Amino acid sequence: MQEPILEALDVFYRYPDGTGALTGATLTIERGQKVAILGPNGAGKSTLFLHFNGLLRPEKGQIRFHGEVLRYDRSSLWQLRQRVGIVFQDPDIQLFSASVRQEISFGPLNLGLKPPETQRRVEAAMAATGVSSLADRPTHFLSHGQKKRVAIADVLAMEPEVLIADEPTAGLDPAGARHIMDLLTEINGRGTTVVISTHDVDLAYTWADVAFVMAGGQVIAGGKPEEVFEQDELLVKAELGKPWLLEVHQALLRGGCSGSRSDRPRRRKELLEMILAMTGR
Amino acid sequence: MFTTDSYAYTSPLKKIDPVEKGAMTVFSLLVALVGPAPLTPLLVAIFWGALTVFWARVSGRAYLKLYLLPLGFLVLGWFSLALSFSPLTGSTAGYEVGWLPAKTVWPSLGPLGGTLSIGPWQLYFTPAGLRTAGAMTARSLGALSCLYFFALTTPLTQMVGLLQALRVPTLISELMLLIYRFTFVLLDVATAIYLAQSARNGYARIKNGYFSLGQLVANLFLKAMAKGRGVFIALEARGYQGELRVLPERLEWRPARLGVLLAADVFLLALGWYLTQGV
Ligand SMILES: Nc1ncnc2c1ncn2[C@@H]1O[C@H](COP(=O)(O)OP(=O)(O)O)[C@@H](O)[C@H]1O
Ligand SMILES: [Mg+2]
């Protein structure tokens, strides 16, 4: 059932100015998962993402898609980019077109789709991201949250197998962030593998099926979120906090409440039920 | 420019095919330029001004303010046409304008009908000059009203579409689109830097104001370069093949409406002629 879709194998990358952004990054993303990549600023998350659809080429090491090493000729890249889509962190960089509908049509038209099919996909992507009412608005008059949605719709309209979103919640208020994460969950529910980067540990802990931690251009840990976030030294090394759900759970256990260490709550509701059970109610 | 752009985007006439609006504009422009001045161009200005305010729903005050923009040019042009300039010759009965000696040439022109002499030169209004200047002003107003109508109802993306329909090379039309897009990016970056500098009193005194402005321009350039690279990468991520293709907008094309407006222009032309003959 487990099937690798994207893999990075010992990837090295140095920017032209000499910054070594990736120094042997290795990770495997399985098909259909919700994956969160955590790490402090400068850890190399964005750089790794740019490798996943061939925008950057590793100096050393390999990127594989469906088990095959990426090739960097024009037509291979073109095929890859219709199957792996990236939503950029800064929507102002991504959005170029003046009207929302036209903006979203850019990707599908580049895939060589005919206008009627493009139209269908654009409408579907707008409906899925809740921006249908903005269809004729110019992109530069939208709020930041609306721009983020349009940026996701941009990529969604290309119907990729993997949707990568670089810090999708950065710069949003809590409600806006929750809406975006719900949207990504919904997209994942329709069979798309979703990969995000973030430094919001609480969000990643609850949302992700798998969490990876990056620091200094390497992937230093990966696995189920409840296991990854148990490792205190790791979190310190990656300058990450501990999800509050785990922190409270550990404090309860340390304080002598009965319960098993392996039975960690993933959601607020689970923790509350646990507390009620522990206190004997 | 940004206000005209936001009017265009919110205009109720946005859906009208730019080719139709372009045809209206060009035809009215011609009428304003060749029709008997000053009557026809003024009628054109009133007619298209009214359409802009009542049909395109641009606020009257904002619309009038837009005419302040070219006012300086109009005034300069008016003076250069209305005033004549010649060496001081012969003798005329003169009177003083302020502290300079002046001569009355055409008393019928009242206070304007004086001659101002500066050294060996004299400066004066002539009826012909005044007539030319008046015609020029009327034609300018007429032409402006047509262009404003187009600019206030047609978003830039549609203008680019129009250029493409007219077979302007894609390089030029796409450059226009990108420049337009980047103008907003630049403006955002510039505003952010300016605010950040002001917050630290960067513009509190004229001297550090110059310094801050220098920093702003230098930083703007660097940031704009970085953004530009980012934009290119993001385009590539979506399969950019060297052509910015997007879906065309759904636009209305109504020959009847175009016909009515063109007929109105012809009517203004005829009216201008009729009244001018009558005088
Ligand atoms: N365009 C660039 N040119 C030079 N260095 C860069 C560029 N982009 C990122 N870097 C550097 O590469 C490292 C990794 O950056 P990045 O991948 O953006 O990290 P993250 O997304 O995890 O914050 C950082 O040290 C950063 O300064
Ligand atoms: Mg980043």
# chains A, B, ... in the order shown; residues from 1 in each chain; ligands from 1

call {"tool": "residues_near_ligand", "arguments": {"ligand": "ligand 2", "cutoff": "12 Å", "atoms": "only C-alpha atoms and all ligand atoms", "output": "ChimeraX atom specification"}}
result
/A:21,37-50,87-90,165-168,170,196-199,214,217

call {"tool": "write_last_selection", "arguments": {"atoms": "N, CA and C atoms", "output": "CSV table (one decimal), in the first residue's frame"}}
result
chain,number,residue,atom,x,y,z
A,21,ALA,N,22.7,25.6,0.8
A,21,ALA,CA,21.4,25.5,1.3
A,21,ALA,C,20.9,24.1,1.6
A,37,ILE,N,6.8,19.5,6.6
A,37,ILE,CA,8.2,19.6,6.8
A,37,ILE,C,8.5,20.8,7.7
A,38,LEU,N,9.1,20.6,8.8
A,38,LEU,CA,9.3,21.6,9.8
A,38,LEU,C,10.8,22.0,9.9
A,39,GLY,N,11.0,23.2,10.3
A,39,GLY,CA,12.4,23.6,10.5
A,39,GLY,C,12.4,25.1,10.6
A,40,PRO,N,13.5,25.6,11.2
A,40,PRO,CA,13.6,27.1,11.4
A,40,PRO,C,13.9,27.8,10.0
A,41,ASN,N,13.8,29.1,10.0
A,41,ASN,CA,14.1,29.8,8.8
A,41,ASN,C,15.5,29.5,8.3
A,42,GLY,N,15.7,29.3,7.0
A,42,GLY,CA,17.0,29.0,6.5
A,42,GLY,C,17.4,27.5,6.6
A,43,ALA,N,16.5,26.7,7.0
A,43,ALA,CA,16.8,25.2,7.1
A,43,ALA,C,16.9,24.6,5.8
A,44,GLY,N,16.3,25.2,4.8
A,44,GLY,CA,16.4,24.6,3.4
A,44,GLY,C,15.1,24.1,2.9
A,45,LYS,N,14.0,24.4,3.6
A,45,LYS,CA,12.7,23.8,3.1
A,45,LYS,C,12.3,24.3,1.7
A,46,SER,N,12.4,25.6,1.5
A,46,SER,CA,12.0,26.2,0.2
A,46,SER,C,12.9,25.7,-0.9
A,47,THR,N,14.2,25.6,-0.5
A,47,THR,CA,15.1,25.1,-1.6
A,47,THR,C,14.8,23.7,-1.9
A,48,LEU,N,14.5,22.8,-1.0
A,48,LEU,CA,14.1,21.4,-1.3
A,48,LEU,C,12.9,21.4,-2.1
A,49,PHE,N,11.9,22.2,-1.8
A,49,PHE,CA,10.7,22.2,-2.6
A,49,PHE,C,10.9,22.6,-4.1
A,50,LEU,N,11.8,23.6,-4.3
A,50,LEU,CA,12.1,23.9,-5.7
A,50,LEU,C,12.8,22.8,-6.4
A,87,VAL,N,2.9,25.7,-4.6
A,87,VAL,CA,2.2,27.0,-4.2
A,87,VAL,C,3.3,27.8,-3.5
A,88,PHE,N,3.7,29.0,-4.0
A,88,PHE,CA,4.8,29.7,-3.4
A,88,PHE,C,4.3,30.4,-2.1
A,89,GLN,N,5.3,30.7,-1.3
A,89,GLN,CA,5.0,31.3,0.0
A,89,GLN,C,4.4,32.7,-0.2
A,90,ASP,N,5.0,33.5,-1.1
A,90,ASP,CA,4.6,34.8,-1.3
A,90,ASP,C,3.7,34.9,-2.5
A,165,ALA,N,3.0,23.1,-0.8
A,165,ALA,CA,2.6,24.5,-0.4
A,165,ALA,C,3.7,25.0,0.6
A,166,ASP,N,4.4,26.0,0.2
A,166,ASP,CA,5.5,26.6,1.0
A,166,ASP,C,4.9,27.5,2.0
A,167,GLU,N,4.9,27.2,3.3
A,167,GLU,CA,4.4,28.0,4.4
A,167,GLU,C,3.0,28.5,4.0
A,168,PRO,N,2.0,27.6,3.9
A,168,PRO,CA,0.7,28.1,3.4
A,168,PRO,C,0.0,29.0,4.4
A,170,ALA,N,1.7,31.2,6.6
A,170,ALA,CA,2.4,32.3,7.0
A,170,ALA,C,1.7,33.6,6.7
A,196,ILE,N,3.5,20.3,2.9
A,196,ILE,CA,3.6,21.7,3.3
A,196,ILE,C,4.9,21.9,4.1
A,197,SER,N,5.4,23.2,4.2
A,197,SER,CA,6.4,23.5,5.1
A,197,SER,C,5.8,24.5,6.1
A,198,THR,N,6.3,24.4,7.3
A,198,THR,CA,5.8,25.3,8.3
A,198,THR,C,6.7,25.4,9.5
A,199,HIS,N,6.6,26.4,10.4
A,199,HIS,CA,7.3,26.3,11.7
A,199,HIS,C,6.2,26.3,12.8
A,214,MET,N,13.7,19.5,9.4
A,214,MET,CA,15.0,19.9,8.7
A,214,MET,C,15.7,20.9,9.5
A,217,GLY,N,20.1,22.4,6.3
A,217,GLY,CA,20.2,21.8,5.0
A,217,GLY,C,20.1,20.3,5.0

call {"tool": "interface_residues", "arguments": {"of": "chain B", "to": "chain A", "cutoff": "9 Å", "atoms": "only C-alpha atoms", "output": "VMD selection string"}}
result
chain B and resid 6 9 to 10 155 to 157 177 to 178 181 to 182 184 to 185 227 to 228 230 to 241 243 to 249

call {"tool": "closest_residue", "arguments": {"among": "A:Asp17, A:Asp202, A:Glu186, A:Asp10", "to": "ligand 1", "atoms": "only C-alpha atoms and all ligand atoms"}}
result
A:Asp17

call {"tool": "closest_residue", "arguments": {"among": "A:Gly130, A:Pro174, A:Gly61, A:Gly18", "to": "ligand 1", "atoms": "only C-alpha atoms and all ligand atoms"}}
result
A:Gly18

call {"tool": "residues_around", "arguments": {"residues": "Gly214 of chain B", "least_positions_apart": "2", "cutoff": "12 Å", "atoms": "only C-alpha atoms", "output": "VMD selection string"}}
result
chain B and resid 190 193 to 194 197 202 to 203 207 to 212 216 to 221
